[in-house]
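Asks: First, the structure itself, so that you have it in front of you.
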Amino acid sequence: MTITEIQKVLRSAISETAKAQFGVDIESIAAETPPKTELGDIAFPVAFELAKQIKVATGEKQNPRAIAEVLKARLETFDFVGKIEIAGPGYLNVFFDRSKFIAENAAANPLPNAGTASAKICVEHTSVNPNKAAHIGHVRNSVLGDTFQRILKSTGKQVEVQNYIDNTGVQVADVVVGFMFIQNMTLEAIKGLDTELTGSGQSFDYYCWDLYARVGQEYLANEELKSKRAEVLHLIEEGGNETAELADYVATRNVECILNTMERLSIRYDLLPRESEILHLHFWDKAFEQMKQLGVIHYESEGKQAGCWVMPFEEHTGDDDNEGDKILVRSNGTVTYTGKDIAYQMWKLGILGLDFNYKYFHKYANGQDVWITSPQVEQNEGAIPSFGGGETIYNVIDTRQSYPQEVVKKGVAAISPERGEKASIHLAYEMVALSPAAAEELGFALSDEDRKRPFIEMSGRKGLGVKADDLIDRLEAKALAEVESRHADATDEEKQHIAHQLAVGALRYFLLKFTRNTVIVFDFNEALSFEGETGCFCQYSAVRANSIFRKLDETNSVESSERRLLACESSEIDAIVNSETGTDIWSMAILASRLDETVHAAATANEPAILAKYTFTLAKAFNLFYHNHKIIAEADDTKRALLVVVADMARRSLTAALDTLGIEVPMKM
RNA sequence: GCACCCGUAGCUCAGCUGGAUAGAGUAUCUGACUUCGAAUCAGAGGGUCGCAAGUUCGAAUCUUGCCGGGUGUACCA
């Protein structure tokens, strides 16, 4: 039995006993992991809760320890239980039968549910405006989203990953203004520039990064240029004209660049839904009609918002400057982002009654396909997968967009009350900001006031930010130097591959170790570190584990060791595992067995950091285990077999945990 | 004004639905490479969990108030 199964059995036994012996119904039974192995493998603080309930029901005051005694007698009858202790004021501490547990879990899959299909879940992440290169703030979004979808898959869910392309928004319009009215370039000229850039090893999205910042600066001084923005935006939204064609080229090229950046980090998508299709395939019109009929929005005929369609928002009141209600349709008839997102989310949930057209976009190096939406029906080779229609949808979006996301959620819930607000989940996360020192390191002049601030927000408009590709390049270069110093004999290709794996591990772990609602104040030293709580540390631990198994001969292989353990008396194993030095062997085994439980906890709490922390703890525990036990050199046959089996449990669990974080284990490092 | 987030070791952060002696990393100091790889391990010092009340057998965790920092409240996204 796995830990999860054992917990389930124990919980229901406690619940039944509570009902039978004390007449109390207890809805949820908390199970804890004791702070130390010496205190047990699972702890139930349930006796305190029961004492309280009994007092409420009968007025009778019972001692928690006496209640725990009754539960103890019941739980002791299970064969997987070694012993039970009542500790402190009434903790019920359960100790597993160690030899039995190891024998049963030695060869178990650390993630038993992965791959078992169920109702589909849609995860939207990345959704970078396609007008410039991605910076590390965008990468936090993508890494969180990608890791979360991996976590969901590890719990057995079927997941579809979408990256929304806002190809008709203001930000794309700004770069288009830059190309057309600052650079005076036609579409042909831009294509020529693109070829030129590619030829000289530069990238289109970097060029746009600088151009976008320049447009932002020019707007401040040039009113005429600023007036072009609305014009251009209108033409892009309308489509079927030269400006729209130019914008489409610019946006698509940026999408390609951003997808390349993300692929460097093992982040891939199934579908790229575009905003232009939301408009041209009349998704909004349909959602708009439904909301009008249901009365969830209304037309404002007077006041500040006269001429607009708005959704009321009572949760917080407006002030002198702003109304509390949210505008979905502007007085000029155009739709806001929030409005379009309502239509998009309805499609994601399969309640819109319309579908996109699809075009094959790209095959990733690993064989995965990514599709993009299209205004017209396309001739595709092979079948188009079925997109959208998720049972639950997760939207990985900056916490600064919490307010419009609440509006979207309310709109969707109003149209589909039976699905309700639980169907759409905003996976919010705090921004990645720069320390004043980091901003200056990037060459930005700061005012004295700025220098006193706790952090400086990154800004695409100002061109202030750490570009993702730059950081990955720096990480790879640094890792390569380290690999070079340790494995000078390896081929260049091999060394580069390892350096790449280490860079990905470092960056992904760095962005995952913080919980979602922590602002990451970016620091170059910390982000570029390979020591301490880093991805590299976890990878190193796994690499060491693997090197042991490469050196084990046939008679000591994992399979032989498992056979040897099964053949010997359990008392013999118990003698080792229950001895003083054996306790940390057991600690290693039980910790390695908690991956499945941890992945479920991370999925339930929508918090990938829980898994990152566990992975680090596991790696640390293995390093200690590795230090304290000489596995290959162990003289005692049974103990050696036990060490091999436990080390194997640890490395498989560590490898699976890292894989769920999107981090590979190098061959050597 | 209103809504949301944060305040825990010098610094950066964990702390699960209230539970056992509040933990990591980093920095500082000390020790360990003839070994399955030292990108590692061990040890030491370092805490009024912002402040104050309340609920409870029990509070870093829940409630209220205050102080300090941040974000949002756009006919941007």
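We label chains A, B, ... in the order they appear in the structure tokens, count residues from 1 in each chain, and number ligands from 1 in the order shown.
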Select residues of chain A: the criterion is any atom within 7 Å of an atom of chain B, counting only C-alpha atoms (C1' of nucleotides); output as a ChimeraX atom specification.

Replies: /A:316-319,330-331,337,400,517,530-533,537,544,548,624,627,630-632

Asks: Please list as an MDAnalysis selection string every residue within 6 Å of segment 45-52 of chain B, counting only C-alpha atoms (C1' of nucleotides) and excluding residues in the same chain fewer than 2 positions away.

Replies: chainID B and resid 7:9 60

Asks: Excluding same-chain residues fewer than 6 positions from Gly350 of chain A, what lies within 9 Å of it counting only C-alpha atoms (C1' of nucleotides), as a list in words?

Replies: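 My list of contacting residues is Gly388, Gly389, Gly390 and Glu391 of chain A.
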
Asks: Selected residues, N, CA, C and O atoms, written as a PDB file, in the first residue's frame, please.

Replies:
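New file selection.pdb:
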```
ATOM      1  N   GLY A 388     -10.739  23.064 -26.614  1.00  0.00           N
ATOM      2  CA  GLY A 388     -11.698  23.744 -25.746  1.00  0.00           C
ATOM      3  C   GLY A 388     -12.622  22.770 -25.047  1.00  0.00           C
ATOM      4  O   GLY A 388     -12.385  21.563 -25.057  1.00  0.00           O
ATOM      5  N   GLY A 389     -13.702  23.309 -24.452  1.00  0.00           N
ATOM      6  CA  GLY A 389     -14.654  22.450 -23.769  1.00  0.00           C
ATOM      7  C   GLY A 389     -14.082  21.820 -22.513  1.00  0.00           C
ATOM      8  O   GLY A 389     -14.317  20.640 -22.236  1.00  0.00           O
ATOM      9  N   GLY A 390     -13.323  22.575 -21.760  1.00  0.00           N
ATOM     10  CA  GLY A 390     -12.716  22.049 -20.534  1.00  0.00           C
ATOM     11  C   GLY A 390     -13.721  21.967 -19.391  1.00  0.00           C
ATOM     12  O   GLY A 390     -14.643  22.774 -19.305  1.00  0.00           O
ATOM     13  N   GLU A 391     -13.516  20.993 -18.521  1.00  0.00           N
ATOM     14  CA  GLU A 391     -14.378  20.865 -17.333  1.00  0.00           C
ATOM     15  C   GLU A 391     -14.048  21.999 -16.362  1.00  0.00           C
ATOM     16  O   GLU A 391     -14.921  22.617 -15.762  1.00  0.00           O
TER      17      GLU A 391
END
```

Asks: Run DSSP on the backbone of this structure and report the residues of segment 89-271 of chain A it assigns to strand (DSSP E or B), as a CSV table (one decimal) with C-alpha atoms, in the first residue's frame.

Replies:
```csv
chain,number,residue,atom,x,y,z
A,91,TYR,CA,-1.6,12.9,19.5
A,92,LEU,CA,-2.1,9.6,17.7
A,93,ASN,CA,1.2,8.8,16.2
A,94,VAL,CA,1.2,5.9,13.7
A,95,PHE,CA,4.4,4.0,12.9
A,96,PHE,CA,4.3,1.8,9.8
A,120,LYS,CA,-10.2,17.7,-19.8
A,121,ILE,CA,-8.7,20.7,-18.1
A,122,CYS,CA,-7.6,23.8,-20.0
A,123,VAL,CA,-4.6,25.8,-18.7
A,124,GLU,CA,-4.0,29.2,-20.3
A,135,HIS,CA,11.2,39.2,-20.1
A,158,GLN,CA,-6.0,15.3,-19.2
A,159,VAL,CA,-4.7,18.8,-19.9
A,160,GLU,CA,-4.8,21.2,-22.9
A,161,VAL,CA,-2.4,24.1,-22.8
A,162,GLN,CA,-3.4,27.4,-24.5
A,165,ILE,CA,-2.4,35.7,-28.6
A,271,LEU,CA,-3.2,25.8,-29.1
```

Asks: Find, counting only C-alpha atoms (C1' of nucleotides), the residue in B:A38, B:C33, B:A44, B:A59 that gets nearest to G18 of chain B.

Replies: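 Using only C-alpha atoms (C1' of nucleotides), G18 of chain B sits closest to B:A59.
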
Asks: Write out as number ranges by chain each polymer residue whose atoms come within 12 Å of segment 416-424 of chain A, counting only C-alpha atoms (C1' of nucleotides); drop sequence neighbours fewer than 4 positions from it.

Replies: A: 120-124, 287, 290-291, 294, 296, 341-342, 344-352, 389-396, 405-412

Asks: Excluding same-chain residues fewer than 3 positions from Ser127 of chain A, what lies within 12 Å of it counting only C-alpha atoms (C1' of nucleotides), as an MDAnalysis selection string?

Replies: (chainID A and resid 123:124 130:131 134 137:142 145 161:167 254:255 258:259 262 269 271:275 395:398) or (chainID B and resid 77)

Asks: Give me a file of those residues, with N, CA, C and O atoms (P, O5', C5', C4', C3', O3' and C1' of nucleotides), as a short mmCIF file (atom, residue, chain, number, x, y, z; two decimals), in the first residue's frame.

Replies:
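Once written, part-v6.cif looks like this:
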```cif
data_model
loop_
_atom_site.label_atom_id
_atom_site.label_comp_id
_atom_site.auth_asym_id
_atom_site.auth_seq_id
_atom_site.Cartn_x
_atom_site.Cartn_y
_atom_site.Cartn_z
N VAL A 123 -5.52 24.84 -19.42
CA VAL A 123 -4.64 25.78 -18.72
C VAL A 123 -4.17 26.83 -19.73
O VAL A 123 -3.58 26.48 -20.74
N GLU A 124 -4.46 28.08 -19.42
CA GLU A 124 -3.95 29.16 -20.26
C GLU A 124 -2.78 29.81 -19.55
O GLU A 124 -2.89 30.19 -18.38
N PRO A 130 2.24 40.03 -28.35
CA PRO A 130 3.23 39.68 -29.40
C PRO A 130 3.82 40.91 -30.08
O PRO A 130 3.69 41.08 -31.28
N ASN A 131 4.44 41.75 -29.27
CA ASN A 131 5.02 42.96 -29.85
C ASN A 131 6.46 43.19 -29.41
O ASN A 131 7.05 44.22 -29.67
N ALA A 134 10.13 38.37 -24.73
CA ALA A 134 9.63 38.07 -23.38
C ALA A 134 10.70 38.41 -22.35
O ALA A 134 11.88 38.18 -22.56
N GLY A 137 9.53 38.42 -16.15
CA GLY A 137 8.19 38.46 -15.58
C GLY A 137 7.26 37.55 -16.37
O GLY A 137 6.47 36.79 -15.79
N HIS A 138 7.38 37.59 -17.70
CA HIS A 138 6.59 36.70 -18.54
C HIS A 138 6.98 35.25 -18.27
O HIS A 138 6.14 34.35 -18.28
N VAL A 139 8.27 35.04 -18.06
CA VAL A 139 8.74 33.67 -17.85
C VAL A 139 8.20 33.09 -16.54
O VAL A 139 7.92 31.91 -16.44
N ARG A 140 8.01 33.95 -15.53
CA ARG A 140 7.41 33.44 -14.29
C ARG A 140 6.02 32.89 -14.60
O ARG A 140 5.65 31.82 -14.12
N ASN A 141 5.27 33.62 -15.39
CA ASN A 141 3.95 33.16 -15.80
C ASN A 141 4.05 31.80 -16.49
O ASN A 141 3.35 30.85 -16.14
N SER A 142 4.93 31.72 -17.47
CA SER A 142 5.03 30.50 -18.28
C SER A 142 5.52 29.31 -17.47
O SER A 142 5.01 28.20 -17.62
N GLY A 145 2.71 28.23 -15.13
CA GLY A 145 1.66 27.57 -15.89
C GLY A 145 2.09 26.21 -16.39
O GLY A 145 1.36 25.23 -16.28
N VAL A 161 -3.10 22.87 -23.16
CA VAL A 161 -2.41 24.12 -22.84
C VAL A 161 -2.63 25.14 -23.95
O VAL A 161 -2.35 24.87 -25.12
N GLN A 162 -3.11 26.31 -23.56
CA GLN A 162 -3.37 27.37 -24.52
C GLN A 162 -2.53 28.60 -24.19
O GLN A 162 -2.35 28.95 -23.04
N ASN A 163 -2.07 29.25 -25.25
CA ASN A 163 -1.33 30.50 -25.12
C ASN A 163 -2.09 31.52 -25.96
O ASN A 163 -2.07 31.48 -27.19
N TYR A 164 -2.78 32.41 -25.28
CA TYR A 164 -3.63 33.39 -25.94
C TYR A 164 -2.79 34.47 -26.62
O TYR A 164 -1.86 35.01 -26.02
N ILE A 165 -3.12 34.74 -27.88
CA ILE A 165 -2.35 35.72 -28.64
C ILE A 165 -3.16 36.98 -28.85
O ILE A 165 -4.11 37.00 -29.64
N ASP A 166 -2.80 38.03 -28.14
CA ASP A 166 -3.53 39.30 -28.26
C ASP A 166 -2.95 40.08 -29.45
O ASP A 166 -2.25 41.06 -29.28
N ASN A 167 -3.30 39.60 -30.64
CA ASN A 167 -2.67 40.16 -31.85
C ASN A 167 -3.36 41.40 -32.37
O ASN A 167 -2.92 41.99 -33.35
N ASN A 254 6.72 37.77 -33.81
CA ASN A 254 7.00 37.83 -32.38
C ASN A 254 6.53 36.56 -31.66
O ASN A 254 7.20 36.08 -30.75
N VAL A 255 5.38 36.05 -32.09
CA VAL A 255 4.89 34.80 -31.50
C VAL A 255 5.92 33.69 -31.72
O VAL A 255 6.27 32.94 -30.80
N ILE A 258 8.86 34.22 -29.39
CA ILE A 258 8.52 33.93 -28.00
C ILE A 258 8.38 32.41 -27.80
O ILE A 258 8.83 31.86 -26.80
N LEU A 259 7.80 31.73 -28.78
CA LEU A 259 7.68 30.28 -28.68
C LEU A 259 9.06 29.62 -28.65
O LEU A 259 9.27 28.63 -27.93
N MET A 262 10.46 30.06 -25.16
CA MET A 262 9.80 29.16 -24.23
C MET A 262 10.23 27.71 -24.43
O MET A 262 10.38 26.96 -23.47
N TYR A 269 3.01 24.38 -26.13
CA TYR A 269 1.56 24.64 -26.12
C TYR A 269 0.85 23.70 -27.08
O TYR A 269 1.46 23.18 -28.01
N LEU A 271 -2.37 24.87 -28.29
CA LEU A 271 -3.16 25.76 -29.14
C LEU A 271 -2.83 27.22 -28.87
O LEU A 271 -2.59 27.62 -27.74
N LEU A 272 -2.83 28.01 -29.95
CA LEU A 272 -2.63 29.45 -29.86
C LEU A 272 -3.91 30.14 -30.33
O LEU A 272 -4.07 30.41 -31.52
N PRO A 273 -4.85 30.43 -29.44
CA PRO A 273 -6.07 31.13 -29.84
C PRO A 273 -5.77 32.61 -30.00
O PRO A 273 -5.10 33.19 -29.17
N ARG A 274 -6.24 33.19 -31.10
CA ARG A 274 -5.92 34.59 -31.36
C ARG A 274 -7.12 35.50 -31.14
O ARG A 274 -8.27 35.14 -31.46
N GLU A 275 -6.83 36.68 -30.67
CA GLU A 275 -7.89 37.63 -30.43
C GLU A 275 -8.62 38.03 -31.71
O GLU A 275 -9.83 38.25 -31.71
N ASN A 395 -6.51 29.99 -15.46
CA ASN A 395 -5.95 31.12 -16.19
C ASN A 395 -4.79 31.68 -15.39
O ASN A 395 -4.98 32.24 -14.31
N VAL A 396 -3.60 31.48 -15.91
CA VAL A 396 -2.41 31.98 -15.22
C VAL A 396 -2.22 33.43 -15.64
O VAL A 396 -1.81 33.70 -16.77
N ILE A 397 -2.58 34.34 -14.76
CA ILE A 397 -2.56 35.76 -15.07
C ILE A 397 -2.07 36.54 -13.85
O ILE A 397 -2.43 36.23 -12.71
N ASP A 398 -1.24 37.51 -14.12
CA ASP A 398 -0.73 38.45 -13.13
C ASP A 398 -1.80 38.88 -12.12
O ASP A 398 -2.92 39.16 -12.50
P A B 77 -8.12 46.89 -23.79
"O5'" A B 77 -6.98 45.86 -23.37
"C5'" A B 77 -5.89 45.58 -24.23
"C4'" A B 77 -4.88 44.80 -23.44
"C3'" A B 77 -5.41 43.50 -22.84
"O3'" A B 77 -5.33 42.42 -23.75
"C1'" A B 77 -4.33 44.76 -21.17
#
```

Asks: Apply DSSP to the structure's backbone, then extract all residues of segment 500-577 of chain A labelled alpha helix (DSSP H) and return them as number ranges by chain.

Replies: A: 500-512, 524-527, 535-551, 558-567, 570-577

Asks: I need the residues from that last selection saved to file as a CSV table (one decimal), in the first residue's frame (with C-alpha atoms), if you can.

Replies:
```csv
chain,number,residue,atom,x,y,z
A,500,HIS,CA,21.6,23.9,-21.2
A,501,GLN,CA,20.0,21.4,-18.8
A,502,LEU,CA,21.6,23.1,-15.9
A,503,ALA,CA,20.5,26.6,-17.0
A,504,VAL,CA,16.9,25.4,-17.4
A,505,GLY,CA,17.0,23.8,-14.0
A,506,ALA,CA,18.4,26.9,-12.4
A,507,LEU,CA,15.9,29.3,-14.0
A,508,ARG,CA,12.8,27.1,-13.5
A,509,TYR,CA,13.6,26.3,-9.9
A,510,PHE,CA,14.4,30.0,-9.1
A,511,LEU,CA,11.0,31.0,-10.3
A,512,LEU,CA,9.2,28.1,-8.6
A,524,PHE,CA,21.4,38.6,-10.7
A,525,ASN,CA,23.6,36.8,-8.1
A,526,GLU,CA,20.7,34.8,-6.7
A,527,ALA,CA,19.3,33.9,-10.1
A,535,GLY,CA,17.7,23.5,-9.3
A,536,CYS,CA,21.3,22.6,-9.8
A,537,PHE,CA,21.5,21.2,-6.3
A,538,CYS,CA,18.5,18.9,-7.0
A,539,GLN,CA,20.0,17.8,-10.3
A,540,TYR,CA,23.4,17.1,-8.7
A,541,SER,CA,21.8,14.9,-6.1
A,542,ALA,CA,20.0,12.8,-8.8
A,543,VAL,CA,23.2,12.6,-10.9
A,544,ARG,CA,25.1,11.2,-7.9
A,545,ALA,CA,22.4,8.7,-7.3
A,546,ASN,CA,22.5,7.6,-11.0
A,547,SER,CA,26.3,7.2,-10.9
A,548,ILE,CA,26.0,4.6,-8.1
A,549,PHE,CA,23.7,2.5,-10.2
A,550,ARG,CA,26.0,2.7,-13.2
A,551,LYS,CA,28.7,1.2,-11.0
A,558,VAL,CA,18.1,-3.1,-8.2
A,559,GLU,CA,16.3,-6.3,-9.3
A,560,SER,CA,18.7,-8.6,-7.5
A,561,SER,CA,18.5,-6.5,-4.4
A,562,GLU,CA,14.8,-6.6,-4.4
A,563,ARG,CA,14.8,-10.3,-4.8
A,564,ARG,CA,17.2,-10.7,-2.0
A,565,LEU,CA,15.1,-8.6,0.3
A,566,LEU,CA,12.0,-10.5,-0.5
A,567,ALA,CA,13.8,-13.8,0.1
A,570,SER,CA,11.3,-9.6,7.5
A,571,SER,CA,12.7,-9.7,11.0
A,572,GLU,CA,16.1,-9.5,9.5
A,573,ILE,CA,15.2,-6.3,7.6
A,574,ASP,CA,13.4,-4.9,10.7
A,575,ALA,CA,16.5,-5.4,12.7
A,576,ILE,CA,18.4,-3.1,10.3
A,577,VAL,CA,15.7,-0.6,9.7
```

Asks: Would you mind listing what lies within 10 Å of Gly115 of chain A as a PyMOL selection string, with only C-alpha atoms (C1' of nucleotides) counted and same-chain residues fewer than 4 positions away left out?

Replies: chain A and resi 111+153-158

Asks: Pick out the residues sitting within 7 Å of segment 8-14 of chain A, and hand them over as a list in words; count only C-alpha atoms (C1' of nucleotides), and ignore anything fewer than 2 positions along from it in its own chain.

Replies: Thr4, Glu5, Ile6, Glu16, Thr17, Ala18, Ile29, Leu71 and Leu75 of chain A

Asks: Would you compute the distance between atom CA of Leu643 of chain A and atom CA of Phe616 of chain A? Give it in Å to one decimal.

Replies: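 It comes out at 20.9 Å.
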
Asks: Let me make sure I understand: among B:G15, B:G10, B:G54, B:G68, which one has the smallest atom-to-atom distance to A27 of chain B if we use only C-alpha atoms (C1' of nucleotides)?

Replies: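 Using only C-alpha atoms (C1' of nucleotides), the shortest distance to A27 of chain B belongs to B:G10.
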